[in-house]
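Here the structure comes first, spelled out in structure tokens, and everything after it is commentary.
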Amino acid sequence: MKKLMIILMCMMSMTVFAQDKPPVQVATTMIQNQNAKFQLFPTQNIFVFLKLNTATGEITIVQYGMSRDERVEVKLDSEVYPLVQPEEEQPGRFFLYPTTNIYNFIMLDQIDGRVWQVQWDTKPDNRIIFKIGKAGN
């Protein structure tokens, strides 16, 4: 019985020490419907999601909070659109992949393989989408 108590106390102390770091929101998404036109992707900022139009590649920043001023939805970068012609739009075409940088994702066109670096920020001047690869690709 004493051994069991010692083992339980050791396990409890390990649990306490294992919780030194606050939980981090994992920047991944579950595909619930492959034909969904929109998907939300969490960022490492607990108040910010990226909303992706999976047919066009358009991204908006969705920020929530307690006050009205904190709750906003804004386009990430309107200068790069359109990425595809209207007849090429297809739900599930675009997907976001998180990187180890809190502000960057990689967006993949799952049909033709083009990729973009997506940089979001709460400050408008720091939001941009860069095409990765050759200009003709």
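To be explicit about the labels: the chains of the structure tokens are called A, B, and onward in the order shown, and within each one the residues are counted from 1, while ligands get numbers from 1 in the order they are shown.
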May I have all residues of range 19-116 of chain A that DSSP, computed from the backbone, assigns to helix (DSSP H, G or I), given as an mmCIF file with C-alpha atoms, in the first residue's frame?
```cif
data_model
loop_
_atom_site.group_PDB
_atom_site.id
_atom_site.type_symbol
_atom_site.label_atom_id
_atom_site.label_comp_id
_atom_site.auth_asym_id
_atom_site.auth_seq_id
_atom_site.Cartn_x
_atom_site.Cartn_y
_atom_site.Cartn_z
ATOM 1 C CA ARG A 68 -16.969 45.338 -30.249
ATOM 2 C CA ASP A 69 -13.678 46.981 -31.191
ATOM 3 C CA GLU A 70 -11.877 43.648 -30.808
ATOM 4 C CA SER A 78 -6.550 42.181 -51.521
ATOM 5 C CA GLU A 79 -3.754 43.024 -53.999
ATOM 6 C CA VAL A 80 -2.973 39.408 -54.981
ATOM 7 C CA PRO A 86 -14.150 32.138 -61.858
ATOM 8 C CA GLU A 87 -14.476 29.024 -64.029
ATOM 9 C CA GLU A 88 -11.498 27.452 -62.178
#
```
Could you list, as number ranges by chain, every residue within 10 Å of range 102-110 of chain A, counting only C-alpha atoms and ignoring same-chain residues fewer than 4 positions away?
A: 27, 41, 43-45, 50, 52, 54-57, 59, 83-84, 92-98, 114-122, 126-132
Writing out the chosen residues with N, CA, C and O atoms as a short mmCIF file (atom, residue, chain, number, x, y, z; two decimals), in the first residue's frame:
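Just written: result-v3.cif:
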```cif
data_model
loop_
_atom_site.label_atom_id
_atom_site.label_comp_id
_atom_site.auth_asym_id
_atom_site.auth_seq_id
_atom_site.Cartn_x
_atom_site.Cartn_y
_atom_site.Cartn_z
N ALA A 27 -1.99 25.06 -34.57
CA ALA A 27 -2.40 25.68 -35.82
C ALA A 27 -2.64 24.64 -36.90
O ALA A 27 -1.92 24.54 -37.87
N PHE A 41 -8.83 28.45 -39.80
CA PHE A 41 -7.55 27.91 -39.38
C PHE A 41 -7.08 28.69 -38.16
O PHE A 41 -6.92 29.91 -38.23
N THR A 43 -4.63 30.33 -35.41
CA THR A 43 -3.25 30.80 -35.35
C THR A 43 -2.75 30.57 -33.92
O THR A 43 -3.51 30.10 -33.08
N GLN A 44 -1.52 30.93 -33.66
CA GLN A 44 -1.01 30.79 -32.30
C GLN A 44 -1.46 31.96 -31.42
O GLN A 44 -1.20 31.96 -30.22
N ASN A 45 -2.12 32.94 -32.00
CA ASN A 45 -2.75 34.02 -31.23
C ASN A 45 -4.14 33.51 -30.86
O ASN A 45 -4.93 33.17 -31.74
N LEU A 50 -7.69 32.44 -39.24
CA LEU A 50 -7.69 32.80 -40.65
C LEU A 50 -8.85 32.06 -41.32
O LEU A 50 -8.98 30.85 -41.16
N LEU A 52 -10.35 30.89 -44.74
CA LEU A 52 -9.92 30.64 -46.11
C LEU A 52 -11.12 30.29 -46.97
O LEU A 52 -11.91 29.40 -46.63
N THR A 54 -11.83 28.27 -49.76
CA THR A 54 -11.07 27.16 -50.34
C THR A 54 -11.23 27.07 -51.85
O THR A 54 -10.48 26.36 -52.50
N ALA A 55 -12.17 27.81 -52.42
CA ALA A 55 -12.36 27.81 -53.88
C ALA A 55 -11.52 28.88 -54.56
O ALA A 55 -11.02 28.67 -55.67
N THR A 56 -11.32 30.03 -53.90
CA THR A 56 -10.62 31.16 -54.53
C THR A 56 -9.26 31.46 -53.92
O THR A 56 -8.45 32.16 -54.52
N GLY A 57 -9.00 31.00 -52.69
CA GLY A 57 -7.75 31.30 -52.00
C GLY A 57 -7.79 32.61 -51.23
O GLY A 57 -6.81 32.99 -50.62
N ILE A 59 -8.30 35.09 -48.24
CA ILE A 59 -8.14 34.88 -46.80
C ILE A 59 -8.57 36.15 -46.06
O ILE A 59 -8.20 37.26 -46.46
N LEU A 83 -6.64 34.70 -57.65
CA LEU A 83 -5.63 33.66 -57.83
C LEU A 83 -6.04 32.67 -58.91
O LEU A 83 -5.20 32.02 -59.51
N VAL A 84 -7.35 32.53 -59.12
CA VAL A 84 -7.89 31.67 -60.17
C VAL A 84 -9.05 32.40 -60.85
O VAL A 84 -9.67 33.29 -60.28
N GLY A 92 -12.30 23.36 -51.88
CA GLY A 92 -11.24 22.43 -51.52
C GLY A 92 -9.97 22.63 -52.32
O GLY A 92 -8.98 21.93 -52.09
N ARG A 93 -9.96 23.59 -53.22
CA ARG A 93 -8.78 23.81 -54.07
C ARG A 93 -7.59 24.33 -53.26
O ARG A 93 -6.47 23.90 -53.44
N PHE A 94 -7.83 25.25 -52.32
CA PHE A 94 -6.76 25.86 -51.54
C PHE A 94 -6.77 25.36 -50.10
O PHE A 94 -7.82 25.06 -49.55
N PHE A 95 -5.56 25.27 -49.52
CA PHE A 95 -5.43 24.79 -48.15
C PHE A 95 -4.27 25.54 -47.48
O PHE A 95 -3.29 25.87 -48.14
N LEU A 96 -4.40 25.81 -46.19
CA LEU A 96 -3.35 26.48 -45.42
C LEU A 96 -2.59 25.50 -44.54
O LEU A 96 -3.20 24.66 -43.88
N TYR A 97 -1.28 25.64 -44.53
CA TYR A 97 -0.41 24.83 -43.69
C TYR A 97 0.35 25.74 -42.74
O TYR A 97 0.97 26.71 -43.18
N PRO A 98 0.32 25.48 -41.43
CA PRO A 98 1.05 26.33 -40.48
C PRO A 98 2.55 26.13 -40.62
O PRO A 98 3.02 25.11 -41.08
N ARG A 114 0.77 25.47 -57.09
CA ARG A 114 1.34 26.77 -56.74
C ARG A 114 1.30 26.97 -55.23
O ARG A 114 0.41 26.45 -54.56
N VAL A 115 2.25 27.73 -54.69
CA VAL A 115 2.32 27.98 -53.26
C VAL A 115 2.57 29.46 -52.98
O VAL A 115 3.20 30.15 -53.78
N TRP A 116 2.07 29.92 -51.82
CA TRP A 116 2.22 31.29 -51.38
C TRP A 116 2.61 31.30 -49.91
O TRP A 116 2.18 30.45 -49.15
N GLN A 117 3.41 32.29 -49.53
CA GLN A 117 3.67 32.57 -48.13
C GLN A 117 2.61 33.56 -47.68
O GLN A 117 2.46 34.63 -48.26
N VAL A 118 1.86 33.19 -46.66
CA VAL A 118 0.79 34.02 -46.13
C VAL A 118 1.26 34.58 -44.80
O VAL A 118 1.54 33.82 -43.87
N GLN A 119 1.38 35.91 -44.73
CA GLN A 119 1.81 36.55 -43.49
C GLN A 119 0.66 37.40 -42.96
O GLN A 119 0.25 38.36 -43.60
N TRP A 120 0.14 37.01 -41.81
CA TRP A 120 -0.94 37.78 -41.19
C TRP A 120 -0.37 38.59 -40.04
O TRP A 120 0.71 38.31 -39.54
N ASP A 121 -1.08 39.61 -39.63
CA ASP A 121 -0.69 40.41 -38.48
C ASP A 121 -1.90 41.24 -38.07
O ASP A 121 -2.81 41.45 -38.87
N THR A 122 -1.90 41.71 -36.85
CA THR A 122 -2.98 42.60 -36.42
C THR A 122 -2.77 44.00 -36.99
O THR A 122 -3.70 44.79 -37.06
N ASN A 126 1.68 44.96 -42.04
CA ASN A 126 2.46 43.72 -41.96
C ASN A 126 1.75 42.53 -42.59
O ASN A 126 2.24 41.41 -42.49
N ARG A 127 0.58 42.73 -43.20
CA ARG A 127 -0.17 41.64 -43.83
C ARG A 127 0.17 41.57 -45.31
O ARG A 127 0.08 42.56 -46.02
N ILE A 128 0.55 40.38 -45.76
CA ILE A 128 0.90 40.24 -47.18
C ILE A 128 0.88 38.77 -47.59
O ILE A 128 1.04 37.88 -46.76
N ILE A 129 0.69 38.55 -48.86
CA ILE A 129 0.78 37.21 -49.44
C ILE A 129 1.82 37.26 -50.55
O ILE A 129 1.71 38.07 -51.48
N PHE A 130 2.86 36.43 -50.43
CA PHE A 130 3.93 36.35 -51.42
C PHE A 130 3.80 35.05 -52.19
O PHE A 130 3.70 33.98 -51.58
N LYS A 131 3.89 35.11 -53.51
CA LYS A 131 3.95 33.87 -54.30
C LYS A 131 5.35 33.30 -54.14
O LYS A 131 6.34 34.02 -54.18
N ILE A 132 5.43 31.99 -53.94
CA ILE A 132 6.70 31.30 -53.84
C ILE A 132 6.95 30.58 -55.15
O ILE A 132 6.07 29.89 -55.67
#
```
In Å to one decimal, how far is CA of Pro82 in chain A from CA of Glu58 in chain A?
8.1 Å
Write down as a PyMOL selection string the residues belonging to range 14-124 of chain A that are assigned strand (DSSP E or B) by DSSP computed on the backbone.
chain A and resi 38-42+48-53+59-63+72-75+94-98+104-109+115-119
Save out the residues we just selected, C-alpha atoms, as an mmCIF file, in the first residue's frame.
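After the write, out36.cif holds the following:
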```
data_model
loop_
_atom_site.group_PDB
_atom_site.id
_atom_site.type_symbol
_atom_site.label_atom_id
_atom_site.label_comp_id
_atom_site.auth_asym_id
_atom_site.auth_seq_id
_atom_site.Cartn_x
_atom_site.Cartn_y
_atom_site.Cartn_z
ATOM 1 C CA PHE A 38 -14.839 28.131 -46.196
ATOM 2 C CA GLN A 39 -12.556 26.821 -43.439
ATOM 3 C CA LEU A 40 -11.212 28.414 -40.253
ATOM 4 C CA PHE A 41 -7.548 27.909 -39.383
ATOM 5 C CA PRO A 42 -6.384 28.740 -35.842
ATOM 6 C CA VAL A 48 -7.204 35.198 -34.233
ATOM 7 C CA PHE A 49 -8.276 32.728 -36.913
ATOM 8 C CA LEU A 50 -7.692 32.802 -40.652
ATOM 9 C CA LYS A 51 -10.807 32.198 -42.768
ATOM 10 C CA LEU A 52 -9.924 30.637 -46.112
ATOM 11 C CA ASN A 53 -12.195 30.586 -49.135
ATOM 12 C CA ILE A 59 -8.144 34.881 -46.801
ATOM 13 C CA THR A 60 -9.651 37.069 -44.094
ATOM 14 C CA ILE A 61 -8.403 37.591 -40.558
ATOM 15 C CA VAL A 62 -11.102 36.849 -37.990
ATOM 16 C CA GLN A 63 -10.428 38.332 -34.561
ATOM 17 C CA VAL A 72 -13.271 42.229 -36.652
ATOM 18 C CA GLU A 73 -13.004 40.435 -39.974
ATOM 19 C CA VAL A 74 -10.648 41.984 -42.546
ATOM 20 C CA LYS A 75 -9.113 40.840 -45.836
ATOM 21 C CA PHE A 94 -6.756 25.864 -51.542
ATOM 22 C CA PHE A 95 -5.430 24.791 -48.149
ATOM 23 C CA LEU A 96 -3.349 26.484 -45.424
ATOM 24 C CA TYR A 97 -0.414 24.825 -43.688
ATOM 25 C CA PRO A 98 1.046 26.327 -40.482
ATOM 26 C CA ASN A 104 3.202 32.734 -41.396
ATOM 27 C CA PHE A 105 1.331 29.966 -43.181
ATOM 28 C CA ILE A 106 1.940 28.301 -46.521
ATOM 29 C CA MET A 107 -1.051 28.232 -48.873
ATOM 30 C CA LEU A 108 -1.151 25.440 -51.439
ATOM 31 C CA ASP A 109 -3.231 25.276 -54.610
ATOM 32 C CA VAL A 115 2.319 27.980 -53.256
ATOM 33 C CA TRP A 116 2.222 31.291 -51.377
ATOM 34 C CA GLN A 117 3.674 32.569 -48.128
ATOM 35 C CA VAL A 118 0.789 34.020 -46.130
ATOM 36 C CA GLN A 119 1.808 36.549 -43.491
#
```
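CA of Glu89 in chain A sits 14.1 Å away from CA of Gln34 in chain A.
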